[in-house]
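Have a look at final_19.tsv; it's TSV, N, CA and C atoms:
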chain	number	residue	atom	x	y	z
A	1	VAL	N	-15.59	6.76	-1.11
A	1	VAL	CA	-14.41	7.24	-1.81
A	1	VAL	C	-13.66	8.20	-0.90
A	2	LYS	N	-12.36	7.98	-0.81
A	2	LYS	CA	-11.55	8.84	0.04
A	2	LYS	C	-11.36	10.21	-0.60
A	3	GLU	N	-11.20	11.22	0.25
A	3	GLU	CA	-10.94	12.57	-0.21
A	3	GLU	C	-9.49	12.66	-0.68
A	4	VAL	N	-9.28	13.36	-1.80
A	4	VAL	CA	-7.93	13.55	-2.32
A	4	VAL	C	-7.20	14.52	-1.40
A	5	LYS	N	-5.99	14.16	-1.01
A	5	LYS	CA	-5.20	15.00	-0.11
A	5	LYS	C	-4.74	16.25	-0.85
A	6	SER	N	-4.69	17.37	-0.11
A	6	SER	CA	-4.29	18.64	-0.72
A	6	SER	C	-2.79	18.88	-0.61
A	7	TYR	N	-2.04	17.87	-0.17
A	7	TYR	CA	-0.59	18.00	-0.02
A	7	TYR	C	0.08	16.80	-0.67
A	8	GLY	N	1.39	16.84	-0.74
A	8	GLY	CA	2.12	15.73	-1.35
A	8	GLY	C	2.16	15.84	-2.86
A	9	ILE	N	2.47	14.75	-3.51
A	9	ILE	CA	2.60	14.73	-4.96
A	9	ILE	C	1.20	14.54	-5.55
A	10	PRO	N	0.76	15.47	-6.41
A	10	PRO	CA	-0.61	15.41	-6.91
A	10	PRO	C	-0.89	14.24	-7.85
A	11	SER	N	0.10	13.74	-8.55
A	11	SER	CA	-0.11	12.65	-9.48
A	11	SER	C	-0.20	11.33	-8.72
A	12	ARG	N	-1.08	10.45	-9.17
A	12	ARG	CA	-1.21	9.15	-8.51
A	12	ARG	C	-0.09	8.21	-8.91
A	13	ILE	N	0.47	8.41	-10.12
A	13	ILE	CA	1.49	7.49	-10.62
A	13	ILE	C	2.70	8.28	-11.08
A	14	ILE	N	3.87	7.87	-10.60
A	14	ILE	CA	5.12	8.47	-11.03
A	14	ILE	C	5.99	7.34	-11.53
A	15	GLY	N	6.48	7.44	-12.73
A	15	GLY	CA	7.34	6.39	-13.26
A	15	GLY	C	7.03	6.08	-14.70
A	16	LYS	N	7.57	4.97	-15.16
A	16	LYS	CA	7.45	4.57	-16.55
A	16	LYS	C	6.33	3.55	-16.71
A	17	PRO	N	5.59	3.63	-17.82
A	17	PRO	CA	4.56	2.63	-18.07
A	17	PRO	C	5.19	1.25	-18.31
A	18	ASN	N	4.44	0.20	-18.01
A	18	ASN	CA	4.88	-1.18	-18.21
A	18	ASN	C	6.12	-1.53	-17.39
A	19	GLY	N	6.27	-0.96	-16.26
A	19	GLY	CA	7.42	-1.23	-15.42
A	19	GLY	C	7.02	-1.72	-14.05
A	20	ARG	N	7.89	-1.47	-13.12
A	20	ARG	CA	7.66	-1.85	-11.72
A	20	ARG	C	7.30	-0.61	-10.92
A	21	VAL	N	6.44	-0.80	-9.95
A	21	VAL	CA	5.98	0.30	-9.11
A	21	VAL	C	6.14	-0.09	-7.66
A	22	LEU	N	6.68	0.82	-6.86
A	22	LEU	CA	6.71	0.65	-5.42
A	22	LEU	C	5.74	1.67	-4.85
A	23	LEU	N	4.65	1.18	-4.30
A	23	LEU	CA	3.64	2.03	-3.67
A	23	LEU	C	4.05	2.21	-2.21
A	24	ILE	N	4.25	3.45	-1.79
A	24	ILE	CA	4.70	3.75	-0.43
A	24	ILE	C	3.59	4.48	0.31
A	25	ASP	N	3.30	4.01	1.52
A	25	ASP	CA	2.27	4.64	2.33
A	25	ASP	C	2.66	4.54	3.80
A	26	ASP	N	1.93	5.24	4.65
A	26	ASP	CA	2.29	5.25	6.07
A	26	ASP	C	1.81	4.02	6.82
A	27	VAL	N	0.60	3.55	6.52
A	27	VAL	CA	0.03	2.46	7.32
A	27	VAL	C	-0.85	1.58	6.43
A	28	ILE	N	-0.99	0.32	6.83
A	28	ILE	CA	-1.94	-0.58	6.16
A	28	ILE	C	-2.80	-1.24	7.23
A	29	THR	N	-4.09	-1.33	6.92
A	29	THR	CA	-5.03	-2.00	7.82
A	29	THR	C	-5.56	-3.23	7.09
A	30	THR	N	-6.62	-3.07	6.30
A	30	THR	CA	-7.19	-4.20	5.58
A	30	THR	C	-6.60	-4.36	4.18
A	31	GLY	N	-5.98	-3.32	3.66
A	31	GLY	CA	-5.39	-3.37	2.33
A	31	GLY	C	-6.32	-2.92	1.22
A	32	GLU	N	-7.58	-2.67	1.52
A	32	GLU	CA	-8.53	-2.31	0.47
A	32	GLU	C	-8.18	-1.01	-0.24
A	33	SER	N	-7.73	0.01	0.49
A	33	SER	CA	-7.38	1.27	-0.17
A	33	SER	C	-6.16	1.10	-1.07
A	34	LYS	N	-5.25	0.21	-0.67
A	34	LYS	CA	-4.08	-0.06	-1.53
A	34	LYS	C	-4.53	-0.77	-2.81
A	35	LEU	N	-5.48	-1.69	-2.68
A	35	LEU	CA	-5.97	-2.42	-3.85
A	35	LEU	C	-6.69	-1.50	-4.82
A	36	GLU	N	-7.36	-0.47	-4.32
A	36	GLU	CA	-8.00	0.51	-5.20
A	36	GLU	C	-6.95	1.16	-6.10
A	37	ILE	N	-5.84	1.52	-5.53
A	37	ILE	CA	-4.76	2.14	-6.30
A	37	ILE	C	-4.13	1.12	-7.24
A	38	ILE	N	-3.89	-0.08	-6.75
A	38	ILE	CA	-3.25	-1.12	-7.55
A	38	ILE	C	-4.09	-1.46	-8.78
A	39	ARG	N	-5.40	-1.41	-8.65
A	39	ARG	CA	-6.27	-1.67	-9.81
A	39	ARG	C	-6.05	-0.65	-10.91
A	40	ASP	N	-5.66	0.57	-10.55
A	40	ASP	CA	-5.35	1.60	-11.55
A	40	ASP	C	-4.01	1.35	-12.23
A	41	LEU	N	-3.23	0.43	-11.70
A	41	LEU	CA	-1.87	0.18	-12.20
A	41	LEU	C	-1.80	-1.12	-12.98
A	42	GLN	N	-2.87	-1.49	-13.66
A	42	GLN	CA	-2.90	-2.73	-14.42
A	42	GLN	C	-1.74	-2.77	-15.40
A	43	GLY	N	-1.12	-3.92	-15.51
A	43	GLY	CA	0.00	-4.10	-16.42
A	43	GLY	C	1.34	-3.78	-15.80
A	44	LEU	N	1.33	-3.30	-14.56
A	44	LEU	CA	2.57	-2.97	-13.87
A	44	LEU	C	2.80	-3.97	-12.74
A	45	GLU	N	4.05	-4.23	-12.45
A	45	GLU	CA	4.39	-5.06	-11.30
A	45	GLU	C	4.43	-4.15	-10.07
A	46	VAL	N	3.57	-4.43	-9.09
A	46	VAL	CA	3.42	-3.54	-7.94
A	46	VAL	C	3.85	-4.25	-6.67
A	47	GLU	N	4.62	-3.55	-5.84
A	47	GLU	CA	4.93	-3.97	-4.48
A	47	GLU	C	4.60	-2.79	-3.58
A	48	VAL	N	4.31	-3.08	-2.32
A	48	VAL	CA	3.87	-2.05	-1.38
A	48	VAL	C	4.81	-2.00	-0.19
A	49	LEU	N	5.20	-0.79	0.18
A	49	LEU	CA	6.00	-0.55	1.37
A	49	LEU	C	5.23	0.39	2.28
A	50	VAL	N	5.04	-0.03	3.54
A	50	VAL	CA	4.38	0.82	4.52
A	50	VAL	C	5.28	0.95	5.74
A	51	PHE	N	5.06	2.00	6.49
A	51	PHE	CA	5.80	2.18	7.73
A	51	PHE	C	5.25	1.25	8.80
A	52	VAL	N	3.91	1.21	8.97
A	52	VAL	CA	3.29	0.39	10.02
A	52	VAL	C	2.25	-0.54	9.43
A	53	ASP	N	2.38	-1.83	9.74
A	53	ASP	CA	1.35	-2.82	9.42
A	53	ASP	C	0.53	-3.02	10.68
A	54	ARG	N	-0.76	-2.68	10.61
A	54	ARG	CA	-1.63	-2.80	11.78
A	54	ARG	C	-2.06	-4.25	12.05
A	55	LEU	N	-1.60	-5.18	11.22
A	55	LEU	CA	-1.87	-6.61	11.39
A	55	LEU	C	-3.37	-6.91	11.42
A	56	GLU	N	-4.10	-6.28	10.50
A	56	GLU	CA	-5.55	-6.50	10.42
A	56	GLU	C	-5.93	-7.10	9.07
A	57	GLY	N	-5.01	-7.89	8.49
A	57	GLY	CA	-5.31	-8.63	7.28
A	57	GLY	C	-4.82	-8.02	5.98
A	58	GLY	N	-4.22	-6.86	6.04
A	58	GLY	CA	-3.77	-6.19	4.83
A	58	GLY	C	-2.73	-6.99	4.04
A	59	LYS	N	-1.75	-7.53	4.73
A	59	LYS	CA	-0.70	-8.29	4.05
A	59	LYS	C	-1.30	-9.51	3.36
A	60	GLU	N	-2.18	-10.20	4.05
A	60	GLU	CA	-2.80	-11.38	3.48
A	60	GLU	C	-3.69	-11.02	2.28
A	61	ARG	N	-4.43	-9.92	2.41
A	61	ARG	CA	-5.32	-9.49	1.32
A	61	ARG	C	-4.51	-9.13	0.07
A	62	LEU	N	-3.43	-8.39	0.24
A	62	LEU	CA	-2.59	-8.06	-0.91
A	62	LEU	C	-1.97	-9.32	-1.49
A	63	GLY	N	-1.56	-10.24	-0.63
A	63	GLY	CA	-0.98	-11.50	-1.08
A	63	GLY	C	-1.93	-12.29	-1.96
A	64	GLN	N	-3.22	-12.24	-1.64
A	64	GLN	CA	-4.22	-12.92	-2.46
A	64	GLN	C	-4.24	-12.38	-3.89
A	65	GLU	N	-3.83	-11.13	-4.04
A	65	GLU	CA	-3.79	-10.49	-5.36
A	65	GLU	C	-2.40	-10.55	-5.97
A	66	GLY	N	-1.48	-11.28	-5.32
A	66	GLY	CA	-0.13	-11.42	-5.86
A	66	GLY	C	0.78	-10.23	-5.62
A	67	VAL	N	0.44	-9.42	-4.61
A	67	VAL	CA	1.20	-8.21	-4.31
A	67	VAL	C	1.97	-8.42	-3.01
A	68	ASN	N	3.27	-8.16	-3.04
A	68	ASN	CA	4.10	-8.26	-1.84
A	68	ASN	C	3.98	-7.00	-1.01
A	69	LEU	N	3.89	-7.18	0.31
A	69	LEU	CA	3.85	-6.06	1.25
A	69	LEU	C	5.08	-6.13	2.13
A	70	TYR	N	5.75	-5.01	2.27
A	70	TYR	CA	6.89	-4.88	3.17
A	70	TYR	C	6.55	-3.78	4.17
A	71	SER	N	6.83	-4.04	5.45
A	71	SER	CA	6.57	-3.02	6.46
A	71	SER	C	7.83	-2.80	7.28
A	72	VAL	N	8.00	-1.57	7.74
A	72	VAL	CA	9.13	-1.23	8.59
A	72	VAL	C	8.91	-1.81	9.99
A	73	ILE	N	7.70	-1.62	10.52
A	73	ILE	CA	7.34	-2.16	11.83
A	73	ILE	C	5.89	-2.61	11.80
A	74	THR	N	5.51	-3.38	12.81
A	74	THR	CA	4.11	-3.79	12.95
A	74	THR	C	3.54	-3.22	14.23
A	75	LYS	N	2.24	-3.34	14.34
A	75	LYS	CA	1.55	-2.89	15.56
A	75	LYS	C	2.15	-3.58	16.78
A	76	ASN	N	2.50	-4.85	16.64
A	76	ASN	CA	3.07	-5.59	17.78
A	76	ASN	C	4.45	-5.07	18.18
A	77	ASP	N	5.20	-4.52	17.22
A	77	ASP	CA	6.48	-3.91	17.56
A	77	ASP	C	6.28	-2.64	18.39
A	78	LEU	N	5.20	-1.92	18.10
A	78	LEU	CA	4.94	-0.68	18.81
A	78	LEU	C	4.30	-0.92	20.18
A	79	PHE	N	3.43	-1.93	20.22
A	79	PHE	CA	2.68	-2.22	21.45
A	79	PHE	C	2.80	-3.70	21.77
A	80	PRO	N	3.96	-4.14	22.31
A	80	PRO	CA	4.17	-5.58	22.58
A	80	PRO	C	3.28	-6.10	23.69
Would you mind giving the structure from this file in structure tokens?
Amino acid sequence: VKEVKSYGIPSRIIGKPNGRVLLIDDVITTGESKLEIIRDLQGLEVEVLVFVDRLEGGKERLGQEGVNLYSVITKNDLFP
């Protein structure tokens, strides 16, 4: 279990119940930590936005669960 960060917004969910959620994070690797959060959001339509996709299967893993992932850049953009 990951340690809760002592900074940022303390609530895990901001928004209206039974709606759409955009989960924003800095990086995605395998997607497992995102799925932990998404499981808490049952009944909501969830999409994920990250700054960097490390291209280690996260997009595919989220896709298996019906979740769209959008990234600003990928590891290959940073290190061609």
> Neighbours of Arg20 of chain A within 6 Å (only N, CA and C atoms; same-chain residues fewer than 3 positions away dropped), as a ChimeraX atom specification?
Replying inline: /A:44-46
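Atom pair atom N of Ile38 of chain A / atom N of Leu23 of chain A: separated by 9.0 Å.
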> How many Å lie between atom CA of Pro80 of chain A and atom CA of Glu47 of chain A, rounded to one decimal?
Replying inline: 27.1 Å
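With only N, CA and C atoms as the atoms that count, the minimum distance from Lys34 of chain A to the choices A:Leu55, A:Asn18, A:Ser71, A:Leu62 is reached by A:Leu62.
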>> Could you tell me how far atom CA of Val21 of chain A sits from atom CA of Glu56 of chain A, in Å to one decimal place?
In response: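 Pair atom CA of Glu56 of chain A / atom CA of Val21 of chain A returns 23.7 Å.
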> Could you name the residues that touch Lys75 of chain A at 5 Å or less, counting only N, CA and C atoms, but leaving out those on the same chain fewer than 4 positions away, as number ranges by chain?
Replying inline: A: 53-54, 79
Where's the centre, and what are the edge lengths in Å to one decimal, of a box along x, y and z enclosing all listed atoms of segment 67-72 of chain A padded 3 Å per side, as JSON?
{"center_x": 4.8, "center_y": -5.3, "center_z": 2.7, "size_x": 14.7, "size_y": 14.2, "size_z": 20.6}
Please provide as a PDB file with N, CA and C atoms, in the frame of the given file all residues within 9 Å of Tyr70 of chain A, with the sequence filter that same-chain residues fewer than 4 positions apart are discarded (counting only C-alpha atoms).
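Below is the file that was written, around.pdb:
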ATOM      1  N   GLU A  47       4.620  -3.550  -5.840  1.00  0.00           N
ATOM      2  CA  GLU A  47       4.930  -3.970  -4.480  1.00  0.00           C
ATOM      3  C   GLU A  47       4.600  -2.790  -3.580  1.00  0.00           C
ATOM      4  N   VAL A  48       4.310  -3.080  -2.320  1.00  0.00           N
ATOM      5  CA  VAL A  48       3.870  -2.050  -1.380  1.00  0.00           C
ATOM      6  C   VAL A  48       4.810  -2.000  -0.190  1.00  0.00           C
ATOM      7  N   LEU A  49       5.200  -0.790   0.180  1.00  0.00           N
ATOM      8  CA  LEU A  49       6.000  -0.550   1.370  1.00  0.00           C
ATOM      9  C   LEU A  49       5.230   0.390   2.280  1.00  0.00           C
ATOM     10  N   VAL A  50       5.040  -0.030   3.540  1.00  0.00           N
ATOM     11  CA  VAL A  50       4.380   0.820   4.520  1.00  0.00           C
ATOM     12  C   VAL A  50       5.280   0.950   5.740  1.00  0.00           C
ATOM     13  N   PHE A  51       5.060   2.000   6.490  1.00  0.00           N
ATOM     14  CA  PHE A  51       5.800   2.180   7.730  1.00  0.00           C
ATOM     15  C   PHE A  51       5.250   1.250   8.800  1.00  0.00           C
ATOM     16  N   ASP A  53       2.380  -1.830   9.740  1.00  0.00           N
ATOM     17  CA  ASP A  53       1.350  -2.820   9.420  1.00  0.00           C
ATOM     18  C   ASP A  53       0.530  -3.020  10.680  1.00  0.00           C
ATOM     19  N   LYS A  59      -1.750  -7.530   4.730  1.00  0.00           N
ATOM     20  CA  LYS A  59      -0.700  -8.290   4.050  1.00  0.00           C
ATOM     21  C   LYS A  59      -1.300  -9.510   3.360  1.00  0.00           C
TER      22      LYS A  59
END
> Mind checking DSSP for segment 19-66 of chain A and telling me the alpha helix (DSSP H) residues as a ChimeraX atom specification?
Replying inline: /A:32-39,58-64
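Considering only segment 13-80 of chain A, backbone DSSP assigns strand (DSSP E) to Arg20, Val21, Leu22, Leu23, Ile24, Asp25, Asp26, Val27, Ile28, Glu45, Val46, Glu47, Val48, Leu49, Val50, Phe51, Val52, Asp53, Asn68, Leu69, Tyr70, Ser71, Val72, Ile73 and Thr74 of chain A.
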Filtering to N, CA and C atoms, could you give me those residues as an mmCIF file, keeping the file's coordinate frame?
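Everything below was put into part.cif:
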data_model
loop_
_atom_site.group_PDB
_atom_site.id
_atom_site.type_symbol
_atom_site.label_atom_id
_atom_site.label_comp_id
_atom_site.auth_asym_id
_atom_site.auth_seq_id
_atom_site.Cartn_x
_atom_site.Cartn_y
_atom_site.Cartn_z
ATOM 1 N N ARG A 20 7.890 -1.470 -13.120
ATOM 2 C CA ARG A 20 7.660 -1.850 -11.720
ATOM 3 C C ARG A 20 7.300 -0.610 -10.920
ATOM 4 N N VAL A 21 6.440 -0.800 -9.950
ATOM 5 C CA VAL A 21 5.980 0.300 -9.110
ATOM 6 C C VAL A 21 6.140 -0.090 -7.660
ATOM 7 N N LEU A 22 6.680 0.820 -6.860
ATOM 8 C CA LEU A 22 6.710 0.650 -5.420
ATOM 9 C C LEU A 22 5.740 1.670 -4.850
ATOM 10 N N LEU A 23 4.650 1.180 -4.300
ATOM 11 C CA LEU A 23 3.640 2.030 -3.670
ATOM 12 C C LEU A 23 4.050 2.210 -2.210
ATOM 13 N N ILE A 24 4.250 3.450 -1.790
ATOM 14 C CA ILE A 24 4.700 3.750 -0.430
ATOM 15 C C ILE A 24 3.590 4.480 0.310
ATOM 16 N N ASP A 25 3.300 4.010 1.520
ATOM 17 C CA ASP A 25 2.270 4.640 2.330
ATOM 18 C C ASP A 25 2.660 4.540 3.800
ATOM 19 N N ASP A 26 1.930 5.240 4.650
ATOM 20 C CA ASP A 26 2.290 5.250 6.070
ATOM 21 C C ASP A 26 1.810 4.020 6.820
ATOM 22 N N VAL A 27 0.600 3.550 6.520
ATOM 23 C CA VAL A 27 0.030 2.460 7.320
ATOM 24 C C VAL A 27 -0.850 1.580 6.430
ATOM 25 N N ILE A 28 -0.990 0.320 6.830
ATOM 26 C CA ILE A 28 -1.940 -0.580 6.160
ATOM 27 C C ILE A 28 -2.800 -1.240 7.230
ATOM 28 N N GLU A 45 4.050 -4.230 -12.450
ATOM 29 C CA GLU A 45 4.390 -5.060 -11.300
ATOM 30 C C GLU A 45 4.430 -4.150 -10.070
ATOM 31 N N VAL A 46 3.570 -4.430 -9.090
ATOM 32 C CA VAL A 46 3.420 -3.540 -7.940
ATOM 33 C C VAL A 46 3.850 -4.250 -6.670
ATOM 34 N N GLU A 47 4.620 -3.550 -5.840
ATOM 35 C CA GLU A 47 4.930 -3.970 -4.480
ATOM 36 C C GLU A 47 4.600 -2.790 -3.580
ATOM 37 N N VAL A 48 4.310 -3.080 -2.320
ATOM 38 C CA VAL A 48 3.870 -2.050 -1.380
ATOM 39 C C VAL A 48 4.810 -2.000 -0.190
ATOM 40 N N LEU A 49 5.200 -0.790 0.180
ATOM 41 C CA LEU A 49 6.000 -0.550 1.370
ATOM 42 C C LEU A 49 5.230 0.390 2.280
ATOM 43 N N VAL A 50 5.040 -0.030 3.540
ATOM 44 C CA VAL A 50 4.380 0.820 4.520
ATOM 45 C C VAL A 50 5.280 0.950 5.740
ATOM 46 N N PHE A 51 5.060 2.000 6.490
ATOM 47 C CA PHE A 51 5.800 2.180 7.730
ATOM 48 C C PHE A 51 5.250 1.250 8.800
ATOM 49 N N VAL A 52 3.910 1.210 8.970
ATOM 50 C CA VAL A 52 3.290 0.390 10.020
ATOM 51 C C VAL A 52 2.250 -0.540 9.430
ATOM 52 N N ASP A 53 2.380 -1.830 9.740
ATOM 53 C CA ASP A 53 1.350 -2.820 9.420
ATOM 54 C C ASP A 53 0.530 -3.020 10.680
ATOM 55 N N ASN A 68 3.270 -8.160 -3.040
ATOM 56 C CA ASN A 68 4.100 -8.260 -1.840
ATOM 57 C C ASN A 68 3.980 -7.000 -1.010
ATOM 58 N N LEU A 69 3.890 -7.180 0.310
ATOM 59 C CA LEU A 69 3.850 -6.060 1.250
ATOM 60 C C LEU A 69 5.080 -6.130 2.130
ATOM 61 N N TYR A 70 5.750 -5.010 2.270
ATOM 62 C CA TYR A 70 6.890 -4.880 3.170
ATOM 63 C C TYR A 70 6.550 -3.780 4.170
ATOM 64 N N SER A 71 6.830 -4.040 5.450
ATOM 65 C CA SER A 71 6.570 -3.020 6.460
ATOM 66 C C SER A 71 7.830 -2.800 7.280
ATOM 67 N N VAL A 72 8.000 -1.570 7.740
ATOM 68 C CA VAL A 72 9.130 -1.230 8.590
ATOM 69 C C VAL A 72 8.910 -1.810 9.990
ATOM 70 N N ILE A 73 7.700 -1.620 10.520
ATOM 71 C CA ILE A 73 7.340 -2.160 11.830
ATOM 72 C C ILE A 73 5.890 -2.610 11.800
ATOM 73 N N THR A 74 5.510 -3.380 12.810
ATOM 74 C CA THR A 74 4.110 -3.790 12.950
ATOM 75 C C THR A 74 3.540 -3.220 14.230
#
